[in-house]
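Trainee: Dropping the structure in here first, questions after.
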Amino acid sequence: MWFIRDGCGIACAIVTWFLVLYAEFVVLFVMLIPSRDYVYSVINGLVFNLLAFLALASHCRAMLTDPGAVPKGNATKEFIESLQLKPGQVVYKCPKCCSIKPDRAHHCSVCKRCIRKMDHHCPWVNNCVGENNQKYFVLFTMYIALISLHALIMVGFHFLHCFEEDWTKCSSFSPPTTVILLILLCFEGLLFLIFTSVMFGTQVHSICTDETGIEQLKKEERRWAKKTKWMNMKAVFGHPFSLGWASPFATPDQGKADPYQYVV
């Protein structure tokens with residue numbers, strides 16, 4: 001199992017789970033279970049819990065999937081000879097992890113490895129976002145944005161309901177406690193809705209343009225073949241288009257590694 005032993009990343013991952021579980025607690029025990037509208041509670045409870053489950057599953061897959069790490073210490077004479085270099089062709093060695101860097105790979109100081117098509121290192125998933133786990137990171141940001149939006153809508157309806165009726169009857173908690181819990185959830189939902197929506201948009205743009213975040217920041221010269229946006233999406237989410245694109249349990253077919261990807 002791939003897992004990065006980084007204290008800051010582990011703490012951020014724990015905080016992420018705590019915030020999702022806090023939202024679960026408020027939605028279920030403050031808003032839905034005390035509600036006298038059974039149909040409203042069941043439908044919203046099922047939708048919210050499904051989205052929360054998919055968000056946490058996507059988080060686990062993004063955190064525990066090898067993002068595309070290059071084997072450490074493969075800069076050996078035997079490996080270089082196996083590439084059968086032609087005159088004029090060169091390979092690049094990473095001085096930090098002693099590996100031959102494939103094209104579009106970058107070294108991560110936290111993972112201490114070179115990562116293929118590295119976009120960035122995200123402490124919230126305690127991992128790099130790279131070639132093999134970008135799909136799960138995109139799904140994580142999407143599902144967190146959806147549950148944040150859903151929670152905000154339910155908080156709005158709950159406030160309207162409580163204002164119209166007696167506060168003591170719209171929640172099993174005291175009115176001051178109910179207000180505090182709802183305000184905290186509202187703040188959390190708004191903050192994460194904005195943050196994850198922006199991340200989701202930048203990731204989709206990065207996929208469609210086939211240019212990672214690091215490549216955009218460094219303004220690296222494009223040395224790879226240009227493909228259509230649809231082909232780039234299928235390369236990340238899998239072939240062909242299906243419901244599996246939205247599932248963190250469906251592993252996209254990345255294809256076999258090209259032995260000449262190290263050669264420039």
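Residues are referred to by chain and number: the chain letter is A, B, ... according to the order shown in the structure tokens, the number counts from 1 in that chain, and ligands are numbered separately from 1 in the order shown.
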I want to know what sits within 12 Å of Ser41 (chain A), based on only C-alpha atoms, with residues of the same chain fewer than 2 positions away left out; could you give that as an mmCIF file with C-alpha atoms, in the first residue's frame?

Mentor:
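Final output, around_17.cif:
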```cif
data_model
loop_
_atom_site.group_PDB
_atom_site.id
_atom_site.type_symbol
_atom_site.label_atom_id
_atom_site.label_comp_id
_atom_site.auth_asym_id
_atom_site.auth_seq_id
_atom_site.Cartn_x
_atom_site.Cartn_y
_atom_site.Cartn_z
ATOM 1 C CA VAL A 27 -27.273 17.008 8.941
ATOM 2 C CA LEU A 28 -28.584 13.808 10.513
ATOM 3 C CA PHE A 29 -29.081 14.625 14.201
ATOM 4 C CA VAL A 30 -29.874 18.343 14.037
ATOM 5 C CA MET A 31 -31.850 18.651 10.799
ATOM 6 C CA LEU A 32 -33.153 15.382 9.369
ATOM 7 C CA ILE A 33 -33.957 12.982 12.224
ATOM 8 C CA PRO A 34 -35.950 15.572 14.255
ATOM 9 C CA SER A 35 -37.905 16.567 11.125
ATOM 10 C CA ARG A 36 -41.550 15.492 10.978
ATOM 11 C CA ASP A 37 -41.430 15.302 7.176
ATOM 12 C CA TYR A 38 -40.435 11.647 6.733
ATOM 13 C CA VAL A 39 -40.087 11.758 2.937
ATOM 14 C CA ILE A 43 -34.518 11.472 0.454
ATOM 15 C CA ASN A 44 -32.044 14.083 1.699
ATOM 16 C CA GLY A 45 -30.453 11.607 4.098
ATOM 17 C CA LEU A 46 -29.844 9.081 1.325
ATOM 18 C CA VAL A 47 -28.468 11.677 -1.098
ATOM 19 C CA PHE A 48 -26.187 13.334 1.463
ATOM 20 C CA ASN A 49 -24.832 10.053 2.823
ATOM 21 C CA MET A 154 -30.596 22.156 3.867
ATOM 22 C CA HIS A 158 -34.008 24.458 8.259
#
```

Trainee: Can you list, as a PyMOL selection string, every protein, DNA or RNA residue that comes within 10 Å of region 117-122 of chain A when you count only C-alpha atoms, leaving out same-chain residues fewer than 2 positions away?

Mentor: chain A and resi 9+12-13+62-63+67-69+102-111+114-115+124-132+134+137+203+206+210-216

Trainee: Pick the closest to Val236 (chain A) from A:Trp2, A:Tyr136, A:Tyr92, A:Phe25: which is it, counting only C-alpha atoms?

Mentor: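 That would be A:Tyr136, the residue with the smallest distance to Val236 (chain A).
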
Trainee: Take CA of Gly201 (chain A) and CA of Leu51 (chain A) and report the distance between them in Å, one decimal.

Mentor: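 Here the two named atoms are 18.7 Å from each other.
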
Trainee: Please indicate the distance in Å from CA of Glu164 (chain A) to CA of Ala151 (chain A), rounded to one decimal place.

Mentor: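 A separation of 20.0 Å between them.
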
Trainee: Quick one: residues within 9 Å of Pro248 (chain A), only C-alpha atoms, excluding same-chain residues fewer than 3 positions away - as an MDAnalysis selection string?

Mentor: chainID A and resid 54:55 57:62 135:136 139:140 244:245 251

Trainee: Between A:His239, A:Cys8, A:Trp17, A:Phe3, which is the closest to Ile144 (chain A) once you count only C-alpha atoms?

Mentor: A:Trp17

Trainee: Here is a test: counting only C-alpha atoms, which residue of A:Leu149, A:Phe157, A:Leu19, A:Leu184 is nearest to Tyr40 (chain A)?

Mentor: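 Of A:Leu149, A:Phe157, A:Leu19, A:Leu184, the one nearest Tyr40 (chain A) is A:Phe157, counting only C-alpha atoms.
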
Trainee: Separation of CA of Ile147 (chain A) and CA of Ala52 (chain A), in Å?

Mentor: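 Separation between CA of Ile147 (chain A) and CA of Ala52 (chain A): 6.5 Å.
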
Trainee: Tell me which protein, DNA and RNA residues are within 7 Å of Thr141 (chain A), counting only C-alpha atoms, leaving out same-chain ones fewer than 3 positions away, and put them as a list in words.

Mentor: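 Listed by chain and then number, they are Phe137, Val138, Ile144, Ala145, Thr196, Ser197, Met199 and Phe200 of chain A.
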